[in-house]
file target_7.cif (mmCIF, C-alpha atoms)
data_structure
loop_
_atom_site.label_atom_id
_atom_site.label_comp_id
_atom_site.auth_asym_id
_atom_site.auth_seq_id
_atom_site.Cartn_x
_atom_site.Cartn_y
_atom_site.Cartn_z
CA MET A 1 -47.89 -4.63 44.38
CA SER A 2 -45.60 -7.65 44.67
CA VAL A 3 -43.99 -8.79 47.90
CA ARG A 4 -40.65 -7.37 46.72
CA ASP A 5 -42.11 -3.85 46.70
CA LYS A 6 -43.24 -3.98 50.34
CA ALA A 7 -41.31 -1.71 52.72
CA TRP A 8 -40.43 -4.59 55.05
CA PHE A 9 -39.09 -6.90 52.34
CA PRO A 10 -35.46 -5.65 52.23
CA VAL A 11 -35.15 -6.03 56.02
CA VAL A 12 -36.59 -9.54 56.06
CA TYR A 13 -34.56 -10.50 52.98
CA MET A 14 -31.30 -9.30 54.53
CA PHE A 15 -32.00 -11.18 57.76
CA ALA A 16 -32.84 -14.34 55.83
CA VAL A 17 -29.73 -14.19 53.62
CA THR A 18 -27.49 -13.43 56.62
CA ALA A 19 -28.98 -16.28 58.63
CA ALA A 20 -28.56 -18.73 55.75
CA PHE A 21 -24.92 -17.88 54.99
CA SER A 22 -23.97 -17.59 58.67
CA SER A 23 -25.46 -21.01 59.45
CA VAL A 24 -23.36 -22.64 56.75
CA LEU A 25 -20.24 -20.85 57.99
CA ILE A 26 -20.83 -21.75 61.62
CA GLY A 27 -21.30 -25.39 60.67
CA PHE A 28 -18.18 -25.33 58.53
CA ALA A 29 -16.04 -23.64 61.22
CA GLU A 30 -17.30 -25.98 63.94
CA GLY A 31 -16.60 -29.01 61.78
CA LEU A 32 -12.97 -27.97 61.25
CA ARG A 33 -12.38 -26.46 64.72
CA PRO A 34 -10.71 -29.55 66.23
CA ARG A 35 -8.27 -29.64 63.33
CA VAL A 36 -7.47 -25.90 63.59
CA GLU A 37 -6.90 -26.16 67.35
CA SER A 38 -4.79 -29.26 66.90
CA ASN A 39 -2.60 -27.37 64.39
CA ARG A 40 -2.09 -24.53 66.88
CA ARG A 41 -1.25 -26.94 69.69
CA ALA A 42 1.15 -28.88 67.47
CA ALA A 43 2.96 -25.67 66.47
CA LEU A 44 3.45 -24.74 70.13
CA GLU A 45 4.60 -28.25 71.09
CA ARG A 46 7.06 -28.38 68.19
CA ALA A 47 8.51 -25.00 69.19
CA VAL A 48 8.86 -25.91 72.88
CA LEU A 49 10.55 -29.23 72.15
CA ALA A 50 12.90 -27.58 69.66
CA VAL A 51 14.51 -25.36 72.29
CA LEU A 52 14.99 -27.96 75.03
CA PRO A 53 17.89 -30.39 75.34
CA LEU A 54 15.87 -33.55 74.87
CA GLU A 55 16.83 -36.78 73.21
CA ALA A 56 15.34 -36.80 69.73
CA PRO A 57 12.57 -39.39 69.41
CA ALA A 58 13.14 -42.25 66.97
CA ALA A 59 10.26 -41.11 64.77
CA ASP A 60 9.04 -37.55 64.30
CA SER A 61 5.29 -37.93 64.58
CA ALA A 62 2.73 -35.62 66.16
CA GLN A 63 1.76 -38.34 68.65
CA ILE A 64 5.33 -38.89 69.84
CA ARG A 65 5.90 -35.14 70.11
CA HIS A 66 2.72 -34.82 72.12
CA GLU A 67 3.79 -37.56 74.55
CA LEU A 68 7.18 -35.92 74.99
CA PHE A 69 5.55 -32.54 75.52
CA LYS A 70 3.29 -34.01 78.21
CA SER A 71 6.34 -35.20 80.12
CA LEU A 72 7.42 -31.57 80.66
CA THR A 73 6.46 -29.60 83.75
CA ALA A 74 4.19 -26.65 83.00
CA VAL A 75 4.99 -23.49 84.96
CA THR A 76 2.76 -20.55 85.73
CA GLU A 77 4.69 -17.53 86.88
CA ARG A 78 3.58 -15.10 89.54
CA GLY A 79 0.60 -13.03 88.34
CA ALA A 80 0.18 -14.98 85.08
CA GLU A 81 -3.08 -16.74 84.29
CA LYS A 82 -1.77 -19.11 81.66
CA VAL A 83 1.21 -21.44 81.51
CA THR A 84 4.26 -19.33 80.66
CA ALA A 85 7.07 -21.88 80.65
CA TYR A 86 7.75 -25.60 80.34
CA GLN A 87 10.59 -27.26 82.22
CA VAL A 88 12.62 -30.42 81.91
CA VAL A 89 12.86 -31.85 85.44
CA ARG A 90 15.12 -34.83 86.06
CA ASP A 91 15.74 -36.30 89.52
CA GLY A 92 13.89 -33.42 91.11
CA ARG A 93 16.16 -30.80 89.51
CA VAL A 94 15.28 -28.37 86.76
CA ARG A 95 17.61 -29.00 83.80
CA ALA A 96 16.21 -26.45 81.34
CA SER A 97 13.21 -24.20 80.77
CA ALA A 98 11.33 -23.19 77.63
CA LEU A 99 9.96 -19.68 78.16
CA LEU A 100 7.00 -18.58 76.07
CA PHE A 101 7.19 -15.01 74.84
CA GLU A 102 5.11 -12.78 72.64
CA GLY A 103 5.03 -9.19 71.49
CA GLN A 104 4.28 -6.87 68.63
CA GLY A 105 6.40 -7.46 65.54
CA PHE A 106 6.62 -5.14 62.55
CA TRP A 107 3.24 -6.22 61.11
CA ASN A 108 1.62 -8.47 63.68
CA ARG A 109 2.19 -10.39 66.91
CA ILE A 110 5.25 -12.59 67.18
CA ARG A 111 4.92 -15.65 69.42
CA GLY A 112 7.80 -17.90 70.23
CA VAL A 113 9.79 -19.86 72.78
CA ILE A 114 13.30 -19.33 74.13
CA GLY A 115 15.12 -22.13 75.91
CA VAL A 116 17.34 -21.36 78.90
CA GLY A 117 19.53 -23.57 81.02
CA ALA A 118 19.11 -24.24 84.74
CA ASP A 119 21.18 -21.13 85.53
CA GLY A 120 18.65 -18.97 83.66
CA ARG A 121 21.50 -17.24 81.77
CA SER A 122 22.56 -19.78 79.14
CA VAL A 123 20.41 -19.61 76.02
CA LEU A 124 19.71 -23.04 74.53
CA GLY A 125 17.68 -22.12 71.48
CA ILE A 126 14.82 -20.13 70.07
CA ALA A 127 11.75 -21.09 68.00
CA ILE A 128 9.10 -18.80 66.56
CA TYR A 129 5.73 -20.48 66.06
CA GLU A 130 3.62 -17.52 64.96
CA GLN A 131 4.63 -14.42 62.98
CA SER A 132 3.54 -12.39 59.96
CA GLU A 133 6.74 -10.47 59.24
CA THR A 134 7.85 -9.50 55.73
CA PRO A 135 8.83 -12.60 53.75
CA GLY A 136 12.50 -12.49 52.85
CA LEU A 137 13.25 -9.89 55.53
CA GLY A 138 11.64 -10.01 58.97
CA ALA A 139 10.31 -13.52 58.34
CA GLU A 140 13.93 -14.72 58.21
CA ILE A 141 13.74 -14.97 62.02
CA VAL A 142 12.17 -18.41 61.59
CA THR A 143 14.90 -19.77 59.35
CA PRO A 144 17.64 -22.04 60.73
CA ARG A 145 20.23 -19.47 59.55
CA PHE A 146 18.91 -17.13 62.24
CA THR A 147 17.70 -19.53 64.95
CA GLU A 148 20.82 -21.72 64.93
CA GLN A 149 22.81 -18.78 66.31
CA PHE A 150 21.03 -19.19 69.64
CA ARG A 151 22.35 -22.72 70.02
CA LYS A 152 25.95 -21.62 69.88
CA GLY A 153 26.37 -21.10 73.60
CA LYS A 154 24.97 -17.62 74.06
CA VAL A 155 25.60 -16.92 77.72
CA LEU A 156 24.31 -13.74 79.22
CA GLY A 157 26.20 -11.93 81.96
CA VAL A 158 24.62 -11.02 85.28
CA LYS A 159 23.73 -7.55 84.04
CA THR A 160 24.07 -7.86 80.29
CA ALA A 161 21.18 -8.64 77.98
CA LEU A 162 20.98 -10.40 74.63
CA ARG A 163 22.21 -7.99 71.97
CA PHE A 164 21.45 -7.99 68.23
CA VAL A 165 24.31 -6.76 66.05
CA ALA A 166 24.57 -6.16 62.29
CA GLU A 167 24.29 -9.21 60.04
CA THR A 168 27.88 -8.90 58.88
CA ALA A 169 29.40 -8.09 62.29
CA LYS A 170 31.31 -10.64 64.34
CA ALA A 171 28.95 -11.75 67.09
CA GLY A 172 30.44 -12.40 70.53
CA SER A 173 28.93 -14.25 73.47
CA GLY A 174 25.49 -12.84 74.21
CA GLU A 175 25.32 -11.30 70.71
CA VAL A 176 23.22 -12.36 67.74
CA ASN A 177 23.51 -11.29 64.10
CA GLY A 178 20.31 -9.56 63.00
CA VAL A 179 18.82 -9.54 59.51
CA THR A 180 19.74 -6.79 57.05
CA GLY A 181 16.60 -4.89 56.00
CA ALA A 182 14.61 -6.10 59.01
CA THR A 183 15.77 -3.63 61.65
CA GLN A 184 12.28 -3.14 63.08
CA THR A 185 11.60 -6.86 63.45
CA CYS A 186 15.02 -7.46 65.00
CA SER A 187 14.87 -4.61 67.49
CA ARG A 188 11.35 -5.61 68.57
CA LEU A 189 12.38 -9.24 68.93
CA GLU A 190 15.44 -8.18 70.90
CA ARG A 191 13.28 -6.18 73.32
CA MET A 192 10.79 -9.03 73.61
CA LEU A 193 13.47 -11.61 74.44
CA ASN A 194 15.27 -9.42 76.95
CA ALA A 195 12.04 -8.48 78.72
CA ARG A 196 11.12 -12.15 78.93
CA LEU A 197 14.52 -13.21 80.23
CA ALA A 198 14.58 -10.38 82.78
CA ARG A 199 11.17 -11.35 84.09
CA TRP A 200 12.14 -15.01 84.32
CA THR A 201 15.32 -14.17 86.22
CA ALA A 202 13.40 -11.91 88.62
CA ASP A 203 10.67 -14.50 89.19
CA THR A 204 12.94 -17.45 89.74
CA ALA A 205 15.10 -15.42 92.13
CA GLN A 206 12.12 -15.02 94.45
CA PRO A 207 10.97 -17.93 96.61
CA GLY A 208 7.61 -19.18 95.28
CA GLY A 209 8.03 -17.16 92.11
CA THR A 210 6.81 -19.95 89.94
CA GLU A 211 4.02 -22.43 90.52
CA MET B 1 -32.50 -6.14 35.03
CA SER B 2 -32.37 -7.31 31.47
CA ALA B 3 -29.01 -8.37 30.24
CA THR B 4 -27.50 -8.07 26.83
CA PRO B 5 -26.21 -11.43 25.60
CA VAL B 6 -22.46 -11.74 25.87
CA GLN B 7 -20.09 -13.99 24.01
CA LYS B 8 -18.01 -16.33 26.15
CA ARG B 9 -14.98 -15.41 24.06
CA ASP B 10 -15.44 -11.76 25.03
CA LEU B 11 -15.60 -12.67 28.72
CA VAL B 12 -12.33 -14.56 28.46
CA LEU B 13 -10.55 -11.85 26.47
CA ASP B 14 -11.87 -9.02 28.65
CA GLY B 15 -10.79 -10.65 31.91
CA LEU B 16 -7.37 -11.72 30.72
CA TRP B 17 -6.39 -8.95 28.34
CA ARG B 18 -8.68 -6.16 27.01
CA ASN B 19 -10.13 -5.16 30.38
CA ASN B 20 -7.55 -6.76 32.70
CA PRO B 21 -8.31 -5.80 36.33
CA VAL B 22 -4.72 -4.86 37.18
CA PHE B 23 -3.07 -3.23 34.18
CA ARG B 24 -6.19 -1.83 32.51
CA GLN B 25 -8.59 -1.05 35.38
CA VAL B 26 -5.81 -0.62 38.00
CA LEU B 27 -7.81 -2.53 40.64
CA GLY B 28 -6.59 -4.92 43.35
CA ILE B 29 -3.34 -2.98 43.71
CA CYS B 30 -3.19 -3.36 47.50
CA SER B 31 -2.71 -7.11 47.37
CA ALA B 32 -0.61 -6.82 44.19
CA LEU B 33 1.89 -4.89 46.29
CA ALA B 34 1.54 -6.80 49.56
CA VAL B 35 1.77 -10.48 48.74
CA THR B 36 4.05 -10.58 45.73
CA ASN B 37 7.46 -11.00 47.34
CA LEU B 38 7.13 -14.78 47.39
CA LEU B 39 5.75 -16.67 44.39
CA LEU B 40 4.16 -19.42 46.50
CA ASN B 41 2.22 -16.93 48.65
CA THR B 42 1.13 -15.17 45.47
CA LEU B 43 -0.14 -18.38 43.89
CA VAL B 44 -2.25 -19.16 46.96
CA MET B 45 -3.54 -15.60 47.11
CA CYS B 46 -4.44 -15.69 43.41
CA ALA B 47 -6.23 -19.03 43.73
CA SER B 48 -8.18 -17.68 46.72
CA LEU B 49 -9.16 -14.50 44.90
CA THR B 50 -10.11 -16.31 41.69
CA PHE B 51 -12.29 -18.76 43.62
CA THR B 52 -13.93 -15.92 45.57
CA THR B 53 -14.57 -13.79 42.48
CA ALA B 54 -16.02 -16.66 40.46
CA MET B 55 -18.25 -18.01 43.25
CA SER B 56 -19.37 -14.56 44.42
CA CYS B 57 -20.36 -13.59 40.88
CA LEU B 58 -22.27 -16.86 40.49
CA THR B 59 -24.11 -16.41 43.80
CA VAL B 60 -24.92 -12.75 43.18
CA SER B 61 -26.28 -13.70 39.77
CA LEU B 62 -28.41 -16.53 41.20
CA LEU B 63 -29.94 -14.16 43.78
CA ARG B 64 -30.28 -11.15 41.46
CA ARG B 65 -34.02 -11.51 40.83
CA TRP B 66 -34.85 -11.46 44.55
CA THR B 67 -32.27 -9.02 45.86
CA PRO B 68 -33.80 -5.54 46.38
CA ARG B 69 -31.75 -2.92 44.56
CA ARG B 70 -31.40 -0.71 47.66
CA ILE B 71 -29.55 -3.37 49.66
CA ARG B 72 -27.70 -5.13 46.83
CA MET B 73 -24.25 -3.99 47.96
CA MET B 74 -24.81 -5.24 51.50
CA VAL B 75 -25.82 -8.62 50.09
CA GLN B 76 -22.80 -8.67 47.78
CA THR B 77 -20.43 -7.93 50.67
CA LEU B 78 -22.04 -10.69 52.71
CA ILE B 79 -21.61 -13.18 49.89
CA ILE B 80 -17.97 -12.20 49.28
CA ALA B 81 -17.20 -12.42 53.02
CA PHE B 82 -18.80 -15.86 53.12
CA TYR B 83 -16.42 -17.29 50.52
CA VAL B 84 -13.37 -15.51 51.97
CA ILE B 85 -14.05 -16.89 55.46
CA ILE B 86 -14.39 -20.38 53.99
CA ILE B 87 -10.94 -20.04 52.39
CA ASP B 88 -9.50 -18.64 55.62
CA ILE B 89 -10.81 -21.58 57.66
CA LEU B 90 -9.59 -24.09 55.05
CA LEU B 91 -6.09 -22.59 55.14
CA GLN B 92 -6.02 -22.60 58.95
CA ALA B 93 -7.11 -26.24 59.00
CA PHE B 94 -5.07 -27.72 56.14
CA TRP B 95 -2.20 -25.31 55.50
CA PRO B 96 -1.50 -23.44 58.76
CA ALA B 97 1.95 -22.25 57.65
CA MET B 98 0.44 -20.54 54.59
CA SER B 99 -2.39 -19.12 56.66
CA THR B 100 0.19 -17.52 58.97
CA ALA B 101 2.31 -16.31 56.06
CA LEU B 102 -0.59 -14.57 54.34
CA GLY B 103 -1.78 -13.16 57.66
CA PRO B 104 -4.49 -10.53 57.32
CA PHE B 105 -4.36 -10.48 53.52
CA VAL B 106 -6.75 -13.40 53.14
CA GLY B 107 -9.39 -11.53 55.14
CA LEU B 108 -8.69 -8.41 53.12
CA ILE B 109 -9.83 -10.17 49.93
CA ILE B 110 -13.30 -9.05 51.06
CA THR B 111 -12.34 -5.46 50.29
CA ASN B 112 -10.70 -6.24 46.94
CA CYS B 113 -12.26 -3.90 44.40
CA ILE B 114 -12.18 -6.50 41.61
CA ILE B 115 -14.74 -8.76 43.28
CA MET B 116 -17.23 -6.06 44.21
CA GLY B 117 -16.63 -4.44 40.82
CA ARG B 118 -17.51 -7.59 38.87
CA CYS B 119 -20.52 -8.35 41.10
CA GLU B 120 -21.85 -4.84 40.65
CA ALA B 121 -20.96 -4.29 37.00
CA PHE B 122 -21.76 -7.71 35.59
CA ALA B 123 -23.15 -10.44 37.85
CA GLY B 124 -26.06 -8.33 39.13
CA SER B 125 -27.52 -8.11 35.63
CA HIS B 126 -26.41 -11.28 33.86
CA ALA B 127 -27.21 -15.00 33.93
CA PRO B 128 -25.25 -17.33 36.24
CA VAL B 129 -22.97 -19.04 33.70
CA PRO B 130 -21.66 -15.84 32.05
CA SER B 131 -21.28 -14.33 35.53
CA LEU B 132 -19.25 -17.31 36.71
CA LEU B 133 -17.02 -17.03 33.63
CA ASP B 134 -16.65 -13.29 34.03
CA GLY B 135 -15.57 -13.70 37.68
CA LEU B 136 -13.29 -16.61 36.84
CA PHE B 137 -11.44 -14.84 34.04
CA SER B 138 -11.22 -11.55 35.90
CA GLY B 139 -9.57 -13.50 38.74
CA LEU B 140 -7.25 -15.24 36.30
CA GLY B 141 -6.35 -11.92 34.66
CA TYR B 142 -5.39 -10.59 38.09
CA SER B 143 -3.46 -13.78 38.82
CA VAL B 144 -1.34 -13.65 35.66
CA VAL B 145 -0.13 -10.13 36.45
CA LEU B 146 0.51 -10.87 40.14
CA CYS B 147 2.47 -14.02 39.36
CA LEU B 148 4.61 -12.09 36.91
CA ILE B 149 5.37 -9.46 39.56
CA ALA B 150 6.10 -12.14 42.17
CA PHE B 151 8.37 -13.99 39.74
CA CYS B 152 10.53 -10.88 39.25
CA ARG B 153 10.55 -9.89 42.92
CA GLU B 154 11.45 -13.28 44.38
CA LEU B 155 14.06 -14.01 41.72
CA LEU B 156 15.84 -10.66 41.94
CA GLY B 157 15.24 -10.08 45.66
CA MET B 158 16.07 -13.53 47.02
CA GLY B 159 17.60 -15.48 44.13
CA THR B 160 14.94 -18.18 44.55
CA LEU B 161 11.68 -19.31 42.94
CA LEU B 162 9.10 -21.14 45.05
CA GLY B 163 11.79 -21.17 47.75
CA ARG B 164 14.34 -23.03 45.59
CA PRO B 165 17.66 -21.36 44.72
CA MET B 166 17.88 -20.62 41.00
CA PRO B 167 20.99 -21.01 38.82
CA PHE B 168 23.10 -17.84 38.83
CA PHE B 169 20.60 -15.87 41.00
CA GLY B 170 21.03 -18.26 43.92
CA SER B 171 24.82 -18.30 43.65
CA GLU B 172 27.60 -16.08 44.95
CA LEU B 173 27.65 -14.32 41.56
CA TRP B 174 24.34 -12.62 42.27
CA ASN B 175 23.94 -10.00 44.97
CA ASN B 176 20.27 -10.01 46.04
CA TRP B 177 18.41 -6.76 45.41
CA VAL B 178 16.88 -6.34 48.87
CA ILE B 179 14.72 -3.46 47.63
CA MET B 180 12.76 -5.90 45.43
CA VAL B 181 11.48 -7.70 48.53
CA MET B 182 10.49 -4.41 50.16
CA PRO B 183 7.40 -2.31 49.24
CA PRO B 184 9.28 0.03 46.83
CA GLY B 185 10.29 -3.01 44.76
CA ALA B 186 6.61 -3.87 44.35
CA PHE B 187 5.82 -0.34 43.15
CA PHE B 188 8.63 -0.35 40.59
CA THR B 189 7.74 -3.80 39.26
CA LEU B 190 4.03 -3.04 39.10
CA ALA B 191 4.67 0.20 37.22
CA LEU B 192 6.90 -1.61 34.71
CA VAL B 193 4.37 -4.40 34.22
CA VAL B 194 1.49 -1.93 33.70
CA TRP B 195 3.60 0.11 31.28
CA PHE B 196 4.65 -2.99 29.34
CA PHE B 197 1.15 -4.46 28.92
CA ARG B 198 -0.46 -1.13 28.15
CA SER B 199 2.12 -0.36 25.50
CA ARG B 200 1.44 -3.81 23.98
CA GLN B 201 -2.29 -3.16 24.02
CA GLY B 202 -2.15 0.24 22.39
CA ALA B 203 -4.58 3.08 23.16
CA PRO B 204 -8.15 2.02 24.13
CA ALA B 205 -10.86 2.72 21.53
CA GLN B 206 -12.43 6.16 22.01
CA GLY B 207 -15.97 6.09 23.37
CA GLY B 208 -15.77 2.32 23.63
CA GLY B 209 -15.96 0.26 26.74
CA LYS B 210 -17.88 -2.66 27.83
#

call {"tool": "encode", "arguments": {"input": "target_7.cif", "output": "structure tokens"}}
result
Amino acid sequence: MSVRDKAWFPVVYMFAVTAAFSSVLIGFAEGLRPRVESNRRAALERAVLAVLPLEAPAADSAQIRHELFKSLTAVTERGAEKVTAYQVVRDGRVRASALLFEGQGFWNRIRGVIGVGADGRSVLGIAIYEQSETPGLGAEIVTPRFTEQFRKGKVLGVKTALRFVAETAKAGSGEVNGVTGATQTCSRLERMLNARLARWTADTAQPGGTE
Amino acid sequence: MSATPVQKRDLVLDGLWRNNPVFRQVLGICSALAVTNLLLNTLVMCASLTFTTAMSCLTVSLLRRWTPRRIRMMVQTLIIAFYVIIIDILLQAFWPAMSTALGPFVGLIITNCIIMGRCEAFAGSHAPVPSLLDGLFSGLGYSVVLCLIAFCRELLGMGTLLGRPMPFFGSELWNNWVIMVMPPGAFFTLALVVWFFRSRQGAPAQGGGK
């Protein structure tokens, strides 16, 4: 009777093979972890800087972007554990805020940033840094064709929210043209943005709402 | 676990044409439908799957003399997952935009029937080099069909190829067929591709097979 025929052999063999392959994987993942984390951080920094009215740096390098990002004031809202917004503060006054938002898209989580002016009602821009929506349809929310609309002076009223209208419709102030064929992505993004803006307005209205 | 000798030419022809995983065996259809609306995403997916199939078949073949028969499928899954996770980490580290675009579909390569099918049907009973070739050409056979589907879908659905606007299709003269980018477009294209290749192949030999 060879070792392979023993009752314990399959169990020991499986453990040994699992341990061997897992060890290689752990080593591989650990080796590349700094790079993966740096990519995630860079995506967030790029998105935050894209929605704030900052002077464009002379050269677009990760290091320069990082320095610029560090000059922003991180904000943690009431009840939140992580940083939820970044602000441009000049001469002791808040000039603009980049609000982080996230929510469920059509396929997966959508994470992005929306920039608002000091009044909390003027939208300065939007940037999506993580999404897995349908290419050609929902994924169009990351293209300049869609995001540039938010730079065109979208001002929300005291009680009115951001509204997505049909792609071919004429969009007024506070309205954004959606993407044909991506109704689910657009309506979810619309809800996400309005919930985020409403929370920001409520928090900033209260004394000590942000830290 | 004796293996009958196989000709390299047969391995190439089987993977690419006679026993093509997609239009002959109708395997790997999930990803054929999911990632074929952009040609670039499809190319990356195909490269990932071809690498995983070839390397998994090689590894399964190398371990075949020691792997107990009762647990062989657990070992095969472990090996496939190993290579898929390596690809996933590499994409996250060196091509984060593509990693995000492919989303969960990279991880789902683990469940692709083609890989497990080739490991079980061929690599578990053949020498390493033929197993590597079998996995490689099965992956390439899958890739050819997927790229063809992606070519049609991106061109007709968006008027672009690899993100670049194409003459006529990218102009005002062409009205994009939105349905081609959506799941039904994948079904229609896949059905047409399967019909076309099968009609070219003719009926399979009776009582034949590999």

call {"tool": "residues_near_point", "arguments": {"input": "target_7.cif", "point": "(9.2, -11.6, 44.8)", "cutoff": "8 Å", "atoms": "all atoms listed in the file", "output": "mmCIF file with C-alpha atoms, keeping the file's coordinate frame"}}
result
data_model
loop_
_atom_site.group_PDB
_atom_site.id
_atom_site.type_symbol
_atom_site.label_atom_id
_atom_site.label_comp_id
_atom_site.auth_asym_id
_atom_site.auth_seq_id
_atom_site.Cartn_x
_atom_site.Cartn_y
_atom_site.Cartn_z
ATOM 1 C CA THR B 36 4.050 -10.580 45.730
ATOM 2 C CA ASN B 37 7.460 -11.000 47.340
ATOM 3 C CA LEU B 38 7.130 -14.780 47.390
ATOM 4 C CA LEU B 39 5.750 -16.670 44.390
ATOM 5 C CA ILE B 149 5.370 -9.460 39.560
ATOM 6 C CA ALA B 150 6.100 -12.140 42.170
ATOM 7 C CA PHE B 151 8.370 -13.990 39.740
ATOM 8 C CA CYS B 152 10.530 -10.880 39.250
ATOM 9 C CA ARG B 153 10.550 -9.890 42.920
ATOM 10 C CA GLU B 154 11.450 -13.280 44.380
ATOM 11 C CA LEU B 155 14.060 -14.010 41.720
ATOM 12 C CA LEU B 156 15.840 -10.660 41.940
ATOM 13 C CA GLY B 157 15.240 -10.080 45.660
ATOM 14 C CA MET B 158 16.070 -13.530 47.020
ATOM 15 C CA MET B 180 12.760 -5.900 45.430
ATOM 16 C CA VAL B 181 11.480 -7.700 48.530
#

call {"tool": "residues_around", "arguments": {"input": "target_7.cif", "residues": "B:Phe82", "least_positions_apart": "3", "cutoff": "10 Å", "atoms": "only C-alpha atoms", "output": "JSON, numbers by chain"}}
result
{"A": [18, 21, 22, 24, 25], "B": [52, 56, 76, 77, 78, 79, 85, 86, 87, 110]}

call {"tool": "residues_around", "arguments": {"input": "target_7.cif", "residues": "A:Leu44", "least_positions_apart": "4", "cutoff": "7 Å", "atoms": "all atoms listed in the file", "output": "PyMOL selection string"}}
result
chain A and resi 40+48+129

call {"tool": "resolve_selection", "arguments": {"input": "target_7.cif", "expression": "the PyMOL selection byres ((chain A) within 10 of (chain B))", "output": "PyMOL selection string"}}
result
chain A and resi 4-5+9-11+13-14+17-18+21-22+24-25+28-29+32-40+43+107-108+129-137+139+180-182

call {"tool": "atom_distance", "arguments": {"input": "target_7.cif", "atom1": "atom CA of A:Val12", "atom2": "atom CA of B:Pro130"}}
result
29.0 Å

call {"tool": "resolve_selection", "arguments": {"input": "target_7.cif", "expression": "the PyMOL selection byres ((chain A and resi 164-167) around 8)", "output": "tab-separated table (two decimals) with C-alpha atoms, keeping the file's coordinate frame"}}
result
chain	number	residue	atom	x	y	z
A	162	LEU	CA	20.98	-10.40	74.63
A	163	ARG	CA	22.21	-7.99	71.97
A	168	THR	CA	27.88	-8.90	58.88
A	169	ALA	CA	29.40	-8.09	62.29
A	171	ALA	CA	28.95	-11.75	67.09
A	175	GLU	CA	25.32	-11.30	70.71
A	176	VAL	CA	23.22	-12.36	67.74
A	177	ASN	CA	23.51	-11.29	64.10
A	178	GLY	CA	20.31	-9.56	63.00
A	179	VAL	CA	18.82	-9.54	59.51
A	180	THR	CA	19.74	-6.79	57.05
A	186	CYS	CA	15.02	-7.46	65.00
A	187	SER	CA	14.87	-4.61	67.49
A	190	GLU	CA	15.44	-8.18	70.90

call {"tool": "atom_distance", "arguments": {"input": "target_7.cif", "atom1": "atom CA of B:Asn176", "atom2": "atom CA of A:Phe150"}}
result
25.3 Å

call {"tool": "atom_distance", "arguments": {"input": "target_7.cif", "atom1": "atom CA of B:Gly28", "atom2": "atom CA of B:Val84"}}
result
15.2 Å

call {"tool": "axis_aligned_box", "arguments": {"input": "target_7.cif", "around": "stretch 41-56 of chain A", "padding_each_side": "4 Å", "output": "JSON"}}
result
{"center_x": 8.3, "center_y": -30.8, "center_z": 70.9, "size_x": 27.1, "size_y": 20.1, "size_z": 16.9}

call {"tool": "residues_around", "arguments": {"input": "target_7.cif", "residues": "B:Ser131", "least_positions_apart": "6", "cutoff": "7 Å", "atoms": "only C-alpha atoms", "output": "list in words"}}
result
Cys57, Leu58, Ser61, Phe122 and Ala123 of chain B

call {"tool": "resolve_selection", "arguments": {"input": "target_7.cif", "expression": "the PyMOL selection byres ((chain A and resi 67-78) around 8)", "output": "ChimeraX atom specification"}}
result
/A:45,48-49,63-66,79-89,203,209-211

call {"tool": "build_atoms", "arguments": {"input": "target_7.cif", "residues": "stretch 106-115 of chain B", "atoms": "N, CA and C atoms", "output": "PDB file, in the frame of the given file"}}
result
ATOM      1  N   VAL B 106      -5.638 -12.554  53.577  1.00  0.00           N
ATOM      2  CA  VAL B 106      -6.750 -13.400  53.140  1.00  0.00           C
ATOM      3  C   VAL B 106      -8.065 -12.705  53.484  1.00  0.00           C
ATOM      4  N   GLY B 107      -8.170 -12.245  54.722  1.00  0.00           N
ATOM      5  CA  GLY B 107      -9.390 -11.530  55.140  1.00  0.00           C
ATOM      6  C   GLY B 107      -9.635 -10.288  54.310  1.00  0.00           C
ATOM      7  N   LEU B 108      -8.545  -9.654  53.891  1.00  0.00           N
ATOM      8  CA  LEU B 108      -8.690  -8.410  53.120  1.00  0.00           C
ATOM      9  C   LEU B 108      -9.167  -8.637  51.684  1.00  0.00           C
ATOM     10  N   ILE B 109      -9.270  -9.901  51.264  1.00  0.00           N
ATOM     11  CA  ILE B 109      -9.830 -10.170  49.930  1.00  0.00           C
ATOM     12  C   ILE B 109     -11.256  -9.604  49.857  1.00  0.00           C
ATOM     13  N   ILE B 110     -11.917  -9.577  51.009  1.00  0.00           N
ATOM     14  CA  ILE B 110     -13.300  -9.050  51.060  1.00  0.00           C
ATOM     15  C   ILE B 110     -13.351  -7.642  50.473  1.00  0.00           C
ATOM     16  N   THR B 111     -12.313  -6.866  50.734  1.00  0.00           N
ATOM     17  CA  THR B 111     -12.340  -5.460  50.290  1.00  0.00           C
ATOM     18  C   THR B 111     -11.707  -5.278  48.913  1.00  0.00           C
ATOM     19  N   ASN B 112     -11.331  -6.373  48.268  1.00  0.00           N
ATOM     20  CA  ASN B 112     -10.700  -6.240  46.940  1.00  0.00           C
ATOM     21  C   ASN B 112     -11.722  -5.687  45.939  1.00  0.00           C
ATOM     22  N   CYS B 113     -11.330  -4.608  45.298  1.00  0.00           N
ATOM     23  CA  CYS B 113     -12.260  -3.900  44.400  1.00  0.00           C
ATOM     24  C   CYS B 113     -12.693  -4.755  43.210  1.00  0.00           C
ATOM     25  N   ILE B 114     -11.858  -5.702  42.803  1.00  0.00           N
ATOM     26  CA  ILE B 114     -12.180  -6.500  41.610  1.00  0.00           C
ATOM     27  C   ILE B 114     -13.471  -7.284  41.842  1.00  0.00           C
ATOM     28  N   ILE B 115     -13.591  -7.889  43.020  1.00  0.00           N
ATOM     29  CA  ILE B 115     -14.740  -8.760  43.280  1.00  0.00           C
ATOM     30  C   ILE B 115     -16.023  -7.938  43.303  1.00  0.00           C
TER      31      ILE B 115
END
